[in-house]
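Reproduced below: query_30.tsv, with TSV, N, CA and C atoms.
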chain	number	residue	atom	x	y	z
V	22	MET	N	-61.02	54.10	-142.18
V	22	MET	CA	-60.07	54.66	-143.12
V	22	MET	C	-60.44	54.31	-144.56
V	23	ALA	N	-60.94	53.10	-144.78
V	23	ALA	CA	-61.30	52.67	-146.13
V	23	ALA	C	-62.47	53.49	-146.68
V	24	ALA	N	-63.39	53.85	-145.81
V	24	ALA	CA	-64.54	54.65	-146.25
V	24	ALA	C	-64.09	56.04	-146.70
V	25	HIS	N	-63.11	56.60	-146.00
V	25	HIS	CA	-62.60	57.91	-146.38
V	25	HIS	C	-61.92	57.85	-147.75
V	26	ALA	N	-61.22	56.76	-148.02
V	26	ALA	CA	-60.54	56.62	-149.30
V	26	ALA	C	-61.54	56.52	-150.45
V	27	LEU	N	-62.71	55.97	-150.19
V	27	LEU	CA	-63.73	55.86	-151.23
V	27	LEU	C	-64.46	57.18	-151.47
V	28	THR	N	-64.64	57.96	-150.44
V	28	THR	CA	-65.40	59.20	-150.58
V	28	THR	C	-64.54	60.40	-150.95
V	29	LYS	N	-63.23	60.27	-150.85
V	29	LYS	CA	-62.34	61.40	-151.12
V	29	LYS	C	-62.51	61.95	-152.54
V	30	PRO	N	-62.56	61.12	-153.61
V	30	PRO	CA	-62.76	61.69	-154.95
V	30	PRO	C	-64.10	62.41	-155.10
V	31	PHE	N	-65.14	61.89	-154.47
V	31	PHE	CA	-66.44	62.53	-154.56
V	31	PHE	C	-66.46	63.86	-153.82
V	32	THR	N	-65.79	63.91	-152.69
V	32	THR	CA	-65.69	65.15	-151.94
V	32	THR	C	-64.92	66.19	-152.73
V	33	TRP	N	-63.84	65.77	-153.37
V	33	TRP	CA	-63.05	66.69	-154.20
V	33	TRP	C	-63.91	67.24	-155.33
V	34	PHE	N	-64.62	66.36	-156.03
V	34	PHE	CA	-65.48	66.77	-157.14
V	34	PHE	C	-66.55	67.76	-156.67
V	35	TYR	N	-67.14	67.48	-155.53
V	35	TYR	CA	-68.20	68.31	-154.96
V	35	TYR	C	-67.71	69.73	-154.70
V	36	HIS	N	-66.52	69.85	-154.17
V	36	HIS	CA	-65.99	71.19	-153.87
V	36	HIS	C	-65.34	71.84	-155.09
V	37	GLU	N	-64.66	71.08	-155.92
V	37	GLU	CA	-63.93	71.63	-157.06
V	37	GLU	C	-64.87	72.22	-158.11
V	38	PHE	N	-66.00	71.59	-158.34
V	38	PHE	CA	-66.92	72.05	-159.38
V	38	PHE	C	-67.99	73.00	-158.85
V	39	GLY	N	-67.85	73.44	-157.61
V	39	GLY	CA	-68.72	74.47	-157.07
V	39	GLY	C	-70.08	73.99	-156.63
V	40	LEU	N	-70.26	72.69	-156.50
V	40	LEU	CA	-71.57	72.19	-156.07
V	40	LEU	C	-71.88	72.60	-154.64
V	41	ALA	N	-70.86	72.70	-153.81
V	41	ALA	CA	-71.06	73.14	-152.43
V	41	ALA	C	-71.55	74.59	-152.41
V	42	ALA	N	-70.97	75.43	-153.26
V	42	ALA	CA	-71.38	76.83	-153.32
V	42	ALA	C	-72.81	76.98	-153.83
V	43	ILE	N	-73.17	76.18	-154.83
V	43	ILE	CA	-74.53	76.25	-155.37
V	43	ILE	C	-75.54	75.81	-154.32
V	44	GLN	N	-75.20	74.76	-153.59
V	44	GLN	CA	-76.11	74.29	-152.55
V	44	GLN	C	-76.26	75.33	-151.44
V	45	ALA	N	-75.18	76.00	-151.10
V	45	ALA	CA	-75.23	77.01	-150.06
V	45	ALA	C	-76.01	78.24	-150.51
V	46	THR	N	-76.01	78.53	-151.82
V	46	THR	CA	-76.71	79.70	-152.34
V	46	THR	C	-78.22	79.56	-152.21
V	47	GLY	N	-78.71	78.37	-152.49
V	47	GLY	CA	-80.13	78.15	-152.33
V	47	GLY	C	-80.86	77.98	-153.64
V	48	ARG	N	-82.17	78.16	-153.58
V	48	ARG	CA	-83.07	77.88	-154.68
V	48	ARG	C	-82.83	78.78	-155.89
V	49	ASN	N	-82.47	80.03	-155.67
V	49	ASN	CA	-82.29	80.96	-156.79
V	49	ASN	C	-81.19	80.50	-157.74
V	50	ALA	N	-80.13	79.92	-157.20
V	50	ALA	CA	-79.05	79.44	-158.06
V	50	ALA	C	-79.55	78.32	-158.96
V	51	TYR	N	-80.36	77.43	-158.42
V	51	TYR	CA	-80.90	76.33	-159.22
V	51	TYR	C	-81.81	76.87	-160.34
V	52	LEU	N	-82.60	77.88	-160.03
V	52	LEU	CA	-83.50	78.45	-161.03
V	52	LEU	C	-82.72	79.15	-162.15
V	53	ILE	N	-81.67	79.85	-161.79
V	53	ILE	CA	-80.85	80.54	-162.79
V	53	ILE	C	-80.16	79.52	-163.69
V	54	ILE	N	-79.59	78.48	-163.11
V	54	ILE	CA	-78.91	77.46	-163.91
V	54	ILE	C	-79.91	76.74	-164.80
V	55	LEU	N	-81.08	76.44	-164.29
V	55	LEU	CA	-82.11	75.78	-165.10
V	55	LEU	C	-82.54	76.66	-166.27
V	56	ALA	N	-82.77	77.95	-166.00
V	56	ALA	CA	-83.21	78.87	-167.05
V	56	ALA	C	-82.13	79.02	-168.13
V	57	ARG	N	-80.89	79.15	-167.73
V	57	ARG	CA	-79.81	79.30	-168.71
V	57	ARG	C	-79.61	78.02	-169.52
V	58	SER	N	-79.76	76.87	-168.88
V	58	SER	CA	-79.62	75.60	-169.59
V	58	SER	C	-80.74	75.42	-170.60
V	59	MET	N	-81.95	75.75	-170.21
V	59	MET	CA	-83.08	75.63	-171.14
V	59	MET	C	-82.90	76.57	-172.33
V	60	ARG	N	-82.44	77.78	-172.08
V	60	ARG	CA	-82.22	78.73	-173.16
V	60	ARG	C	-81.11	78.25	-174.09
V	61	MET	N	-80.05	77.71	-173.53
V	61	MET	CA	-78.95	77.21	-174.34
V	61	MET	C	-79.41	76.06	-175.23
V	62	VAL	N	-80.21	75.15	-174.69
V	62	VAL	CA	-80.71	74.02	-175.47
V	62	VAL	C	-81.66	74.50	-176.55
V	63	SER	N	-82.55	75.43	-176.20
V	63	SER	CA	-83.53	75.88	-177.20
V	63	SER	C	-82.85	76.63	-178.35
V	64	PHE	N	-81.86	77.47	-178.07
V	64	PHE	CA	-81.15	78.15	-179.15
V	64	PHE	C	-80.35	77.17	-179.98
V	65	GLY	N	-79.78	76.16	-179.35
V	65	GLY	CA	-79.05	75.14	-180.08
V	65	GLY	C	-79.96	74.34	-180.98
V	66	MET	N	-81.16	74.01	-180.51
V	66	MET	CA	-82.11	73.24	-181.32
V	66	MET	C	-82.59	74.07	-182.51
V	67	THR	N	-82.72	75.37	-182.33
V	67	THR	CA	-83.10	76.23	-183.44
V	67	THR	C	-82.07	76.15	-184.55
V	68	GLN	N	-80.81	76.16	-184.18
V	68	GLN	CA	-79.74	76.06	-185.18
V	68	GLN	C	-79.77	74.72	-185.90
V	69	VAL	N	-80.07	73.66	-185.16
V	69	VAL	CA	-80.11	72.33	-185.77
V	69	VAL	C	-81.31	72.22	-186.71
V	70	ILE	N	-82.46	72.72	-186.27
V	70	ILE	CA	-83.67	72.61	-187.07
V	70	ILE	C	-83.58	73.46	-188.34
V	71	LEU	N	-83.03	74.67	-188.24
V	71	LEU	CA	-82.94	75.55	-189.39
V	71	LEU	C	-81.74	75.28	-190.28
V	72	GLY	N	-80.78	74.54	-189.79
V	72	GLY	CA	-79.56	74.32	-190.56
V	72	GLY	C	-79.79	73.57	-191.85
V	73	LYS	N	-80.56	72.51	-191.84
V	73	LYS	CA	-80.78	71.70	-193.03
V	73	LYS	C	-81.54	72.46	-194.12
V	74	PRO	N	-82.66	73.12	-193.82
V	74	PRO	CA	-83.34	73.87	-194.89
V	74	PRO	C	-82.48	75.00	-195.46
V	75	ILE	N	-81.71	75.66	-194.64
V	75	ILE	CA	-80.86	76.75	-195.13
V	75	ILE	C	-79.76	76.19	-196.03
V	76	MET	N	-79.21	75.06	-195.65
V	76	MET	CA	-78.17	74.45	-196.49
V	76	MET	C	-78.75	73.97	-197.81
V	77	ASN	N	-80.03	73.59	-197.85
V	77	ASN	CA	-80.65	73.20	-199.11
V	77	ASN	C	-80.86	74.40	-200.03
V	78	LEU	N	-81.02	75.59	-199.46
V	78	LEU	CA	-81.20	76.79	-200.27
V	78	LEU	C	-79.90	77.27	-200.89
V	79	ILE	N	-78.81	76.99	-200.23
V	79	ILE	CA	-77.50	77.44	-200.72
V	79	ILE	C	-76.96	76.38	-201.67
V	80	THR	N	-76.53	76.80	-202.81
V	80	THR	CA	-75.98	75.85	-203.77
V	80	THR	C	-74.61	75.36	-203.30
V	81	LYS	N	-74.21	74.23	-203.78
V	81	LYS	CA	-72.93	73.66	-203.36
V	81	LYS	C	-71.76	74.50	-203.84
V	82	GLU	N	-71.94	75.24	-204.92
V	82	GLU	CA	-70.87	76.09	-205.41
V	82	GLU	C	-70.61	77.23	-204.45
V	83	ARG	N	-71.67	77.73	-203.81
V	83	ARG	CA	-71.53	78.88	-202.90
V	83	ARG	C	-71.13	78.43	-201.52
V	84	CYS	N	-71.35	77.18	-201.20
V	84	CYS	CA	-71.05	76.68	-199.87
V	84	CYS	C	-69.56	76.33	-199.77
V	85	GLY	N	-68.90	76.79	-198.72
V	85	GLY	CA	-67.49	76.63	-198.51
V	85	GLY	C	-67.02	75.25	-198.61
I need this file expressed as structure tokens, please.
Amino acid sequence: MAAHALTKPFTWFYHEFGLAAIQATGRNAYLIILARSMRMVSFGMTQVILGKPIMNLITKERCG
């Protein structure tokens, strides 16, 4: 009974966040999630890298 009490939150998390569905889907789901995550990070890094030079071009009077 004590073991069930320890694993219950992990089991809930596993099913609630769709990890069971992703595992059942197979390899394609992992590839899609990986590709989308990489794209999200790369677009975010572009904004971070370009943000500072663009802000230096805009005068403080024009900046909100």
Between V:Met66, V:Leu40, V:Pro74, V:Thr32, which has the minimum distance to V:Ile54 (counting only C-alpha atoms)?
V:Leu40
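Atom C of V:Ile43 sits 13.9 Å away from atom C of V:Leu55.
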Secondary structure check, helix (DSSP H, G or I) residues of chain V, as an MDAnalysis selection string:
chainID V and resid 23:37 40:46 48:78
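Atom pair atom C of V:Tyr51 / atom C of V:Gly39: separated by 12.6 Å.
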